[in-house]
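So the structure is just underneath, and the comments pick up after that.
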Amino acid sequence: MVTMTSADSALKSVYLGVVAEQLNTAANPLLAKIKQSTADVWGKEVRRLAQYGVNGGVGAGTEEGDLPSAAGNNYEQFVTTLKNLYGTIEISDKAVRASENNIGAFVNLLNAEMDGLIRSSSFNFGRMLFGDGSGVLCKVSSVTGNTVTADSVKNLIEGMTVDFLDGESVSVAGRRITAVDRETKTFTVSGAALDGSVDADDKVCVQGSYKLELTGLGAIFQSTGSLYGLDRATHKWMIPYMKSDVGEIDETVIQTAIDRLEERAGSRVDFIVCSWGVKRALQKYFAQYKQMTDVTELAGGYRAITYNGIPIVADRFCPDGTMYLLNTSDFCLHQLCDWKWLEGDDGKVMKQVPGKPLYTATLVKYADLICTRPCGQAMLSGITEA
C-alpha cells in the first residue's frame, strides 16, 4: 500500500541521486564541463584566493652581484554570497489516495513530477549561467491587457511565474506565463489586465529572484563595475577580451581571440559556446570553403562540432550574435553541498501545505559560480547570424 511515508522514502533514496546527476551533467553542456566543489565555502560565502600575474623574484645578474630580490605571487581574494537555488514539486492528497493500491500508478505519478522538476530546474539553471545575477529575464516594451511585448522572450517559457519591477520595486507579483509568441516577442500572463500597473522599460524577473541568481557570464563579461568584491578600474586583469560589432564570422576572428588570450593570460580555450544563429553562420562559412568540421561527444551525451579540436556548442540562452571562448578550468561552481531535499525537524521531505490538501517537497542547492581568471576568457558579439 502506498503512503506518504513510502513516497518520502522514495524521494530520498531513489530519486535524489538521479535528479542530482541529471541537473549536474545533463542540464547544460557548459555546466557539465565546469568543476563543482565544496572547497572555499565559509559560512554563507565563497572566499576564493585568485592568483594573477607572475612571481617577481626572477632576474639576471653578474657573476658576483646580488641575487634577485624575493617577490612572491600576486593574490586577491574573491568574495561572493552563496545563492539559494530551489525547485519544488507538488502532489495532491487525492492523487496519492487514487493510486494507493496501485504501485505502478504511484510510480508514474512521482516520475511525472520529477521529470517536470528536472525540466524546470534545467531551464532556469541553464539560463542563470548566461545571466548577470540580476534575475532580469527581459524588459517590457508595451502592455495591452495581460499581454506584454518585450525586448526579448529568449529567457521565457510557458508555466514560469514572474514578477514585474518598476525600478527596484515589485509592482506586480506572481503572475504565471500562459503563452509565449517568439515571432512577435509577446507573452501572456494569468490574472487581471496589467495596464496602469506595468509600463514600458519595467523589468520582468523570476518570482522573488531579483538580484539573487548565480554570477553568470553576463556578470563576468563586463568592463566596468565590480566583480567578486573587486573594482575592475583598479584590477584590469578582471576584464575579459571583448570584441563587439564583429559582423561576418570567419576563422581569423576566432583565431585572433584565441591568440590574444594565450598572449595576454597564457590561457588556452577548451570550450566555445554561441547562439544557434552564430553556429549556423560558422557552419555556412566552413561549407563555403569546403572545410570539414569534426564532431565530438561531450559529457552528458552532447555532440558538438569542433574548431581546431575545441568543441563549439550552441545554447538557447546565449545572447543573439554572441560567441564565448572559455577556458573552463578557470571556472568552478562552489557549493555548500550537492542537491538535497529540504527536510523538516522530523526528517521528512514531503510536507502538507497548511490549510490545503496538497503535499510539497523542495530541492535545494546553495552555490555560486566563480571564474578565477576573467582575463583568460573572450567574447565576440555583434556577429551576423545565419
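In the C-alpha cells, the first chain shown is A, the next is B, and so on; residue numbers restart at 1 for each chain, and ligands run from 1 in the order shown.
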Write down as a short mmCIF file (atom, residue, chain, number, x, y, z; two decimals) with all heavy atoms, in the first residue's frame the residues of region 110-325 of chain A whose backbone DSSP state falls under alpha helix (DSSP H).
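Saved result, selection_25.cif, follows:
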data_model
loop_
_atom_site.label_atom_id
_atom_site.label_comp_id
_atom_site.auth_asym_id
_atom_site.auth_seq_id
_atom_site.Cartn_x
_atom_site.Cartn_y
_atom_site.Cartn_z
N LEU A 110 4.96 9.97 -9.45
CA LEU A 110 6.22 10.55 -8.99
C LEU A 110 7.16 10.84 -10.15
O LEU A 110 7.82 11.88 -10.18
CB LEU A 110 6.91 9.61 -7.99
CG LEU A 110 6.48 9.69 -6.53
CD1 LEU A 110 7.34 8.75 -5.68
CD2 LEU A 110 6.55 11.09 -5.99
N ASN A 111 7.21 9.91 -11.11
CA ASN A 111 8.08 10.12 -12.29
C ASN A 111 7.69 11.38 -13.04
O ASN A 111 8.55 12.16 -13.48
CB ASN A 111 8.00 8.92 -13.22
CG ASN A 111 8.81 7.73 -12.72
OD1 ASN A 111 9.66 7.88 -11.85
ND2 ASN A 111 8.54 6.55 -13.25
N ALA A 112 6.38 11.59 -13.21
CA ALA A 112 5.91 12.77 -13.93
C ALA A 112 6.30 14.04 -13.20
O ALA A 112 6.75 15.02 -13.80
CB ALA A 112 4.40 12.70 -14.11
N GLU A 113 6.15 14.04 -11.86
CA GLU A 113 6.52 15.21 -11.07
C GLU A 113 8.02 15.48 -11.13
O GLU A 113 8.46 16.63 -11.26
CB GLU A 113 6.08 15.03 -9.61
CG GLU A 113 4.59 15.12 -9.39
CD GLU A 113 4.04 16.50 -9.73
OE1 GLU A 113 4.73 17.51 -9.46
OE2 GLU A 113 2.92 16.57 -10.27
N MET A 114 8.82 14.42 -11.05
CA MET A 114 10.27 14.59 -11.07
C MET A 114 10.76 15.02 -12.44
O MET A 114 11.68 15.84 -12.56
CB MET A 114 10.96 13.29 -10.64
CG MET A 114 10.64 12.84 -9.22
SD MET A 114 10.82 14.14 -7.99
CE MET A 114 12.54 14.52 -8.12
N ASP A 115 10.14 14.50 -13.49
CA ASP A 115 10.51 14.93 -14.85
C ASP A 115 10.23 16.42 -15.03
O ASP A 115 11.02 17.16 -15.62
CB ASP A 115 9.75 14.13 -15.90
CG ASP A 115 10.26 12.71 -16.05
OD1 ASP A 115 11.38 12.44 -15.58
OD2 ASP A 115 9.54 11.87 -16.62
N GLY A 116 9.08 16.86 -14.51
CA GLY A 116 8.73 18.28 -14.60
C GLY A 116 9.71 19.14 -13.81
O GLY A 116 10.10 20.22 -14.26
N LEU A 117 10.13 18.65 -12.63
CA LEU A 117 11.10 19.39 -11.81
C LEU A 117 12.44 19.49 -12.52
O LEU A 117 13.08 20.56 -12.53
CB LEU A 117 11.27 18.69 -10.46
CG LEU A 117 12.31 19.29 -9.51
CD1 LEU A 117 11.95 20.72 -9.13
CD2 LEU A 117 12.45 18.43 -8.25
N ILE A 118 12.88 18.41 -13.14
CA ILE A 118 14.16 18.41 -13.85
C ILE A 118 14.13 19.37 -15.03
O ILE A 118 15.06 20.15 -15.24
CB ILE A 118 14.53 16.98 -14.31
CG1 ILE A 118 14.89 16.12 -13.11
CG2 ILE A 118 15.70 17.02 -15.30
CD1 ILE A 118 15.09 14.65 -13.44
N ARG A 119 13.03 19.36 -15.81
CA ARG A 119 12.92 20.25 -16.95
C ARG A 119 12.93 21.72 -16.52
O ARG A 119 13.62 22.55 -17.10
CB ARG A 119 11.64 19.95 -17.75
CG ARG A 119 11.69 18.69 -18.57
CD ARG A 119 10.59 18.68 -19.62
NE ARG A 119 9.27 18.79 -19.00
CZ ARG A 119 8.55 17.76 -18.59
NH1 ARG A 119 9.03 16.52 -18.71
NH2 ARG A 119 7.35 17.95 -18.06
N SER A 120 12.16 22.02 -15.47
CA SER A 120 12.09 23.40 -14.99
C SER A 120 13.42 23.86 -14.42
O SER A 120 13.90 24.96 -14.71
CB SER A 120 11.00 23.51 -13.92
OG SER A 120 10.95 24.81 -13.39
N SER A 121 14.05 23.01 -13.60
CA SER A 121 15.33 23.36 -12.99
C SER A 121 16.43 23.48 -14.03
O SER A 121 17.27 24.37 -13.96
CB SER A 121 15.72 22.33 -11.92
OG SER A 121 14.76 22.26 -10.89
N SER A 122 16.42 22.59 -15.03
CA SER A 122 17.42 22.64 -16.09
C SER A 122 17.28 23.94 -16.89
O SER A 122 18.28 24.58 -17.22
CB SER A 122 17.27 21.44 -17.03
OG SER A 122 17.49 20.23 -16.34
N PHE A 123 16.04 24.32 -17.18
CA PHE A 123 15.79 25.55 -17.92
C PHE A 123 16.34 26.76 -17.16
O PHE A 123 17.09 27.57 -17.69
CB PHE A 123 14.29 25.72 -18.17
CG PHE A 123 13.93 26.96 -18.95
CD1 PHE A 123 13.83 26.92 -20.32
CD2 PHE A 123 13.69 28.16 -18.30
CE1 PHE A 123 13.49 28.05 -21.06
CE2 PHE A 123 13.36 29.30 -19.01
CZ PHE A 123 13.26 29.25 -20.39
N ASN A 124 15.97 26.86 -15.88
CA ASN A 124 16.37 28.03 -15.10
C ASN A 124 17.85 28.02 -14.75
O ASN A 124 18.50 29.07 -14.73
CB ASN A 124 15.52 28.12 -13.83
CG ASN A 124 14.15 28.67 -14.10
OD1 ASN A 124 13.96 29.85 -14.34
ND2 ASN A 124 13.15 27.79 -14.09
N PHE A 125 18.42 26.85 -14.48
CA PHE A 125 19.84 26.77 -14.15
C PHE A 125 20.68 27.11 -15.37
O PHE A 125 21.69 27.84 -15.27
CB PHE A 125 20.17 25.36 -13.64
CG PHE A 125 21.32 25.32 -12.68
CD1 PHE A 125 21.55 26.36 -11.80
CD2 PHE A 125 22.18 24.24 -12.65
CE1 PHE A 125 22.61 26.33 -10.91
CE2 PHE A 125 23.24 24.20 -11.77
CZ PHE A 125 23.45 25.24 -10.90
N GLY A 126 20.28 26.60 -16.54
CA GLY A 126 21.00 26.93 -17.78
C GLY A 126 20.90 28.40 -18.09
O GLY A 126 21.87 29.03 -18.54
N ARG A 127 19.73 28.99 -17.85
CA ARG A 127 19.54 30.42 -18.08
C ARG A 127 20.44 31.26 -17.17
O ARG A 127 21.02 32.26 -17.60
CB ARG A 127 18.06 30.77 -17.84
CG ARG A 127 17.73 32.24 -17.92
CD ARG A 127 16.29 32.49 -17.55
NE ARG A 127 15.96 32.00 -16.22
CZ ARG A 127 16.31 32.61 -15.09
NH1 ARG A 127 17.01 33.74 -15.13
NH2 ARG A 127 15.95 32.12 -13.92
N MET A 128 20.56 30.86 -15.91
CA MET A 128 21.39 31.61 -14.95
C MET A 128 22.86 31.64 -15.35
O MET A 128 23.57 32.60 -15.06
CB MET A 128 21.26 31.00 -13.55
CG MET A 128 19.95 31.23 -12.87
SD MET A 128 20.00 30.60 -11.17
CE MET A 128 18.27 30.31 -10.87
N LEU A 129 23.33 30.58 -16.00
CA LEU A 129 24.75 30.53 -16.40
C LEU A 129 25.11 31.68 -17.33
O LEU A 129 26.26 32.13 -17.35
CB LEU A 129 25.06 29.20 -17.08
CG LEU A 129 25.14 27.96 -16.20
CD1 LEU A 129 25.40 26.73 -17.06
CD2 LEU A 129 26.22 28.09 -15.14
N LEU A 217 27.81 34.39 -16.85
CA LEU A 217 28.71 35.01 -17.82
C LEU A 217 28.37 36.47 -18.06
O LEU A 217 29.25 37.27 -18.36
CB LEU A 217 28.65 34.24 -19.15
CG LEU A 217 29.12 32.78 -19.11
CD1 LEU A 217 29.04 32.17 -20.51
CD2 LEU A 217 30.53 32.66 -18.57
N GLY A 218 27.10 36.84 -17.93
CA GLY A 218 26.71 38.22 -18.12
C GLY A 218 27.35 39.16 -17.12
O GLY A 218 27.60 40.34 -17.42
N ALA A 219 27.64 38.66 -15.91
CA ALA A 219 28.32 39.47 -14.89
C ALA A 219 29.82 39.47 -15.10
O ALA A 219 30.51 40.47 -14.83
CB ALA A 219 27.99 38.93 -13.50
N ILE A 220 30.37 38.37 -15.59
CA ILE A 220 31.82 38.25 -15.78
C ILE A 220 32.29 39.08 -16.97
O ILE A 220 33.33 39.74 -16.91
CB ILE A 220 32.20 36.77 -15.96
CG1 ILE A 220 31.91 35.99 -14.66
CG2 ILE A 220 33.67 36.62 -16.37
CD1 ILE A 220 32.00 34.49 -14.82
N GLU A 251 37.25 32.45 -39.68
CA GLU A 251 38.28 31.76 -38.90
C GLU A 251 39.27 32.74 -38.28
O GLU A 251 39.76 32.53 -37.16
CB GLU A 251 39.02 30.77 -39.82
CG GLU A 251 39.83 29.72 -39.09
CD GLU A 251 40.31 28.63 -40.03
OE1 GLU A 251 39.99 28.71 -41.24
OE2 GLU A 251 40.98 27.72 -39.55
N THR A 252 39.57 33.84 -38.95
CA THR A 252 40.54 34.80 -38.44
C THR A 252 40.05 35.48 -37.16
O THR A 252 40.82 35.68 -36.22
CB THR A 252 40.83 35.88 -39.51
OG1 THR A 252 41.32 35.26 -40.69
CG2 THR A 252 41.86 36.87 -39.00
N VAL A 253 38.77 35.82 -37.12
CA VAL A 253 38.21 36.47 -35.93
C VAL A 253 38.32 35.56 -34.71
O VAL A 253 38.72 35.98 -33.62
CB VAL A 253 36.73 36.86 -36.17
CG1 VAL A 253 36.09 37.38 -34.90
CG2 VAL A 253 36.63 37.90 -37.27
N ILE A 254 37.96 34.29 -34.90
CA ILE A 254 38.03 33.33 -33.79
C ILE A 254 39.47 33.10 -33.36
O ILE A 254 39.79 33.12 -32.17
CB ILE A 254 37.38 31.99 -34.22
CG1 ILE A 254 35.90 32.21 -34.55
CG2 ILE A 254 37.53 30.95 -33.12
CD1 ILE A 254 35.22 30.99 -35.11
N GLN A 255 40.36 32.90 -34.34
CA GLN A 255 41.75 32.61 -34.01
C GLN A 255 42.42 33.82 -33.34
O GLN A 255 43.26 33.64 -32.44
CB GLN A 255 42.53 32.21 -35.26
CG GLN A 255 43.90 31.63 -34.97
CD GLN A 255 43.83 30.39 -34.09
OE1 GLN A 255 43.06 29.46 -34.38
NE2 GLN A 255 44.61 30.37 -33.02
N THR A 256 42.06 35.02 -33.75
CA THR A 256 42.62 36.22 -33.11
C THR A 256 42.27 36.26 -31.64
O THR A 256 43.11 36.57 -30.78
CB THR A 256 42.09 37.49 -33.81
OG1 THR A 256 42.51 37.50 -35.17
CG2 THR A 256 42.62 38.74 -33.11
N ALA A 257 41.02 35.95 -31.31
CA ALA A 257 40.60 35.92 -29.90
C ALA A 257 41.36 34.86 -29.12
O ALA A 257 41.83 35.10 -28.00
CB ALA A 257 39.10 35.67 -29.81
N ILE A 258 41.50 33.69 -29.70
CA ILE A 258 42.24 32.61 -29.04
C ILE A 258 43.71 33.01 -28.82
O ILE A 258 44.28 32.79 -27.74
CB ILE A 258 42.15 31.31 -29.88
CG1 ILE A 258 40.71 30.79 -29.88
CG2 ILE A 258 43.10 30.24 -29.34
CD1 ILE A 258 40.49 29.61 -30.80
N ASP A 259 44.30 33.61 -29.84
CA ASP A 259 45.71 34.04 -29.73
C ASP A 259 45.88 35.12 -28.67
O ASP A 259 46.86 35.12 -27.92
CB ASP A 259 46.20 34.55 -31.08
CG ASP A 259 46.30 33.44 -32.12
OD1 ASP A 259 46.27 32.26 -31.73
OD2 ASP A 259 46.38 33.77 -33.32
N ARG A 260 44.94 36.06 -28.61
CA ARG A 260 45.01 37.14 -27.62
C ARG A 260 44.98 36.59 -26.20
O ARG A 260 45.69 37.07 -25.32
CB ARG A 260 43.86 38.12 -27.83
CG ARG A 260 43.99 38.97 -29.08
CD ARG A 260 45.10 40.02 -28.96
NE ARG A 260 45.21 40.83 -30.16
CZ ARG A 260 44.48 41.92 -30.40
NH1 ARG A 260 43.57 42.29 -29.53
NH2 ARG A 260 44.66 42.60 -31.52
N LEU A 261 44.14 35.60 -25.97
CA LEU A 261 44.04 35.01 -24.63
C LEU A 261 45.33 34.31 -24.23
O LEU A 261 45.79 34.41 -23.10
CB LEU A 261 42.87 34.03 -24.57
CG LEU A 261 41.47 34.62 -24.73
CD1 LEU A 261 40.41 33.54 -24.55
CD2 LEU A 261 41.24 35.75 -23.75
N GLU A 262 45.93 33.59 -25.19
CA GLU A 262 47.18 32.90 -24.88
C GLU A 262 48.32 33.90 -24.70
O GLU A 262 49.18 33.73 -23.84
CB GLU A 262 47.51 31.91 -25.99
CG GLU A 262 48.69 31.01 -25.64
CD GLU A 262 48.77 29.79 -26.53
OE1 GLU A 262 47.85 29.57 -27.35
OE2 GLU A 262 49.76 29.05 -26.40
N GLU A 263 48.29 34.99 -25.48
CA GLU A 263 49.33 36.01 -25.39
C GLU A 263 49.23 36.81 -24.10
O GLU A 263 50.24 37.06 -23.42
CB GLU A 263 49.21 36.95 -26.59
CG GLU A 263 50.21 38.11 -26.57
CD GLU A 263 49.96 39.09 -27.70
OE1 GLU A 263 49.04 38.86 -28.51
OE2 GLU A 263 50.67 40.10 -27.76
N ARG A 264 48.03 37.23 -23.74
CA ARG A 264 47.84 38.11 -22.58
C ARG A 264 47.82 37.36 -21.26
O ARG A 264 48.30 37.87 -20.24
CB ARG A 264 46.51 38.86 -22.72
CG ARG A 264 46.48 39.88 -23.84
CD ARG A 264 45.07 40.42 -24.04
NE ARG A 264 44.48 40.90 -22.80
CZ ARG A 264 43.21 41.23 -22.67
NH1 ARG A 264 42.40 41.13 -23.71
NH2 ARG A 264 42.74 41.67 -21.51
N ALA A 265 47.22 36.15 -21.24
CA ALA A 265 46.99 35.48 -19.96
C ALA A 265 47.51 34.05 -19.92
O ALA A 265 47.37 33.39 -18.88
CB ALA A 265 45.49 35.49 -19.66
N TRP A 276 22.44 29.88 -31.58
CA TRP A 276 22.17 28.97 -32.70
C TRP A 276 22.46 29.65 -34.03
O TRP A 276 23.00 29.02 -34.95
CB TRP A 276 20.70 28.52 -32.65
CG TRP A 276 20.40 27.61 -31.50
CD1 TRP A 276 19.78 27.94 -30.33
CD2 TRP A 276 20.73 26.22 -31.41
NE1 TRP A 276 19.71 26.84 -29.51
CE2 TRP A 276 20.28 25.77 -30.15
CE3 TRP A 276 21.34 25.32 -32.26
CZ2 TRP A 276 20.43 24.46 -29.73
CZ3 TRP A 276 21.50 24.01 -31.85
CH2 TRP A 276 21.05 23.58 -30.59
N GLY A 277 22.12 30.93 -34.15
CA GLY A 277 22.36 31.65 -35.40
C GLY A 277 23.84 31.79 -35.71
O GLY A 277 24.25 31.72 -36.88
N VAL A 278 24.66 31.97 -34.68
CA VAL A 278 26.11 32.06 -34.89
C VAL A 278 26.67 30.71 -35.32
O VAL A 278 27.55 30.62 -36.18
CB VAL A 278 26.81 32.56 -33.60
CG1 VAL A 278 28.32 32.42 -33.73
CG2 VAL A 278 26.43 34.02 -33.33
N LYS A 279 26.16 29.63 -34.73
CA LYS A 279 26.61 28.30 -35.13
C LYS A 279 26.30 28.04 -36.60
O LYS A 279 27.14 27.51 -37.34
CB LYS A 279 25.95 27.23 -34.24
CG LYS A 279 26.38 25.81 -34.59
CD LYS A 279 25.65 24.80 -33.73
CE LYS A 279 26.01 23.37 -34.15
NZ LYS A 279 25.27 22.35 -33.36
N ARG A 280 25.10 28.42 -37.02
CA ARG A 280 24.75 28.24 -38.43
C ARG A 280 25.64 29.07 -39.34
O ARG A 280 26.06 28.61 -40.41
CB ARG A 280 23.27 28.61 -38.64
CG ARG A 280 22.29 27.65 -38.01
CD ARG A 280 20.87 27.93 -38.52
NE ARG A 280 20.39 29.24 -38.11
CZ ARG A 280 19.73 29.49 -36.98
NH1 ARG A 280 19.48 28.49 -36.14
NH2 ARG A 280 19.30 30.71 -36.70
N ALA A 281 25.94 30.31 -38.91
CA ALA A 281 26.82 31.17 -39.71
C ALA A 281 28.22 30.56 -39.83
O ALA A 281 28.85 30.64 -40.89
CB ALA A 281 26.91 32.56 -39.06
N LEU A 282 28.69 29.95 -38.75
CA LEU A 282 30.02 29.33 -38.76
C LEU A 282 30.03 28.10 -39.68
O LEU A 282 30.97 27.89 -40.45
CB LEU A 282 30.41 28.93 -37.34
CG LEU A 282 31.86 28.51 -37.11
CD1 LEU A 282 32.82 29.62 -37.50
CD2 LEU A 282 32.08 28.13 -35.65
N GLN A 283 28.97 27.30 -39.61
CA GLN A 283 28.88 26.14 -40.49
C GLN A 283 28.80 26.57 -41.96
O GLN A 283 29.38 25.93 -42.83
CB GLN A 283 27.65 25.30 -40.11
CG GLN A 283 27.80 24.57 -38.78
CD GLN A 283 26.54 23.83 -38.39
OE1 GLN A 283 25.45 24.39 -38.42
NE2 GLN A 283 26.67 22.57 -38.01
N LYS A 284 28.09 27.67 -42.20
CA LYS A 284 28.00 28.20 -43.57
C LYS A 284 29.36 28.66 -44.06
O LYS A 284 29.73 28.42 -45.23
CB LYS A 284 27.01 29.36 -43.58
CG LYS A 284 26.81 30.01 -44.94
CD LYS A 284 25.81 31.16 -44.86
CE LYS A 284 25.65 31.84 -46.22
NZ LYS A 284 24.69 32.98 -46.13
N TYR A 285 30.14 29.29 -43.18
CA TYR A 285 31.48 29.75 -43.56
C TYR A 285 32.37 28.56 -43.91
O TYR A 285 33.07 28.57 -44.93
CB TYR A 285 32.09 30.54 -42.41
CG TYR A 285 33.56 30.85 -42.60
CD1 TYR A 285 33.98 31.88 -43.44
CD2 TYR A 285 34.53 30.08 -41.96
CE1 TYR A 285 35.32 32.14 -43.63
CE2 TYR A 285 35.88 30.34 -42.14
CZ TYR A 285 36.27 31.37 -42.98
OH TYR A 285 37.61 31.61 -43.17
N PHE A 286 32.35 27.52 -43.07
CA PHE A 286 33.19 26.35 -43.33
C PHE A 286 32.77 25.65 -44.62
O PHE A 286 33.62 25.19 -45.39
CB PHE A 286 33.12 25.38 -42.15
CG PHE A 286 33.89 25.83 -40.94
CD1 PHE A 286 33.36 25.67 -39.66
CD2 PHE A 286 35.13 26.42 -41.06
CE1 PHE A 286 34.06 26.08 -38.54
CE2 PHE A 286 35.84 26.84 -39.94
CZ PHE A 286 35.30 26.67 -38.68
N ALA A 287 31.45 25.57 -44.85
CA ALA A 287 30.96 24.90 -46.06
C ALA A 287 31.37 25.66 -47.32
O ALA A 287 31.63 25.06 -48.37
CB ALA A 287 29.44 24.77 -45.99
N GLN A 288 31.45 26.98 -47.21
CA GLN A 288 31.82 27.82 -48.34
C GLN A 288 33.21 27.48 -48.87
O GLN A 288 33.47 27.52 -50.07
CB GLN A 288 31.76 29.29 -47.92
CG GLN A 288 32.17 30.29 -48.99
CD GLN A 288 32.12 31.72 -48.48
OE1 GLN A 288 31.71 31.98 -47.35
NE2 GLN A 288 32.55 32.65 -49.31
#
Any idea what's packed within 7 Å of region 368-373 of chain A, counting only C-alpha atoms, ignoring anything in its chain fewer than 4 positions away? Could you give it as a ChimeraX atom specification? /A:50,82-83,214-216,330-335
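Using only C-alpha atoms for every distance, the candidate list A:Met160, A:Ser244, A:Glu100, A:Gly133 yields A:Glu100 as the residue closest to Thr5 (chain A).
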Using only C-alpha atoms, which of the listed residues (A:Val204, A:Tyr302, A:Ala60, A:Cys274) sits closest to Ile249 (chain A)?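 The closest residue to Ile249 (chain A) is A:Cys274.
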Taking only C-alpha atoms into account, which of A:Ser209, A:Ser190, A:Gln51, A:Ser9 comes nearest Leu85 (chain A)?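 Checking each candidate against Leu85 (chain A), we get A:Ser209 as the closest.
Nearest residue to Leu227 (chain A) among A:Thr360, A:Ser169, A:Thr25, A:Thr81 is A:Thr81, counting only C-alpha atoms.
When CA of Asp181 (chain A) is paired with CA of Val153 (chain A), their separation reads 8.1 Å.
One distance worth recording is that between CA of Tyr86 (chain A) and CA of Asp202 (chain A), which is 25.2 Å.
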Which residue of A:Ala193, A:Ile91, A:Ala150, A:Ile34 approaches Pro357 (chain A) most closely, using only C-alpha atoms: A:Ile91
So that each row is one residue of region 75-97 of chain A with an atom at most 10 Å from region 347-355 of chain A, can you give its shortest atom pair and the distance in Å to one decimal, using only C-alpha atoms, rows by chain and rising number, as CSV?
residue,atom,partner,partner_atom,distance
A:Ile89,CA,A:Met350,CA,9.4
A:Glu90,CA,A:Met350,CA,9.0
A:Ile91,CA,A:Met350,CA,9.2
A:Ser92,CA,A:Gln352,CA,9.3
A:Asp93,CA,A:Gln352,CA,9.0
Identify, on the basis of only C-alpha atoms, every residue whose closest approach to Asp231 (chain A) does not exceed 12 Å; exclude the query and any residue fewer than 6 positions from it along the same chain; express the result as a VMD selection string. chain A and resid 76 78 222 to 225 237 to 239
What gap, in Å, lies between CA of Val162 (chain A) and CA of Arg316 (chain A)? 19.6 Å
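Of the residues under consideration (A:Gly344, A:Gly191, A:Gly61, A:Gly229), A:Gly229 shows the shortest atom-to-atom contact distance to Gln77 (chain A) when counting only C-alpha atoms.
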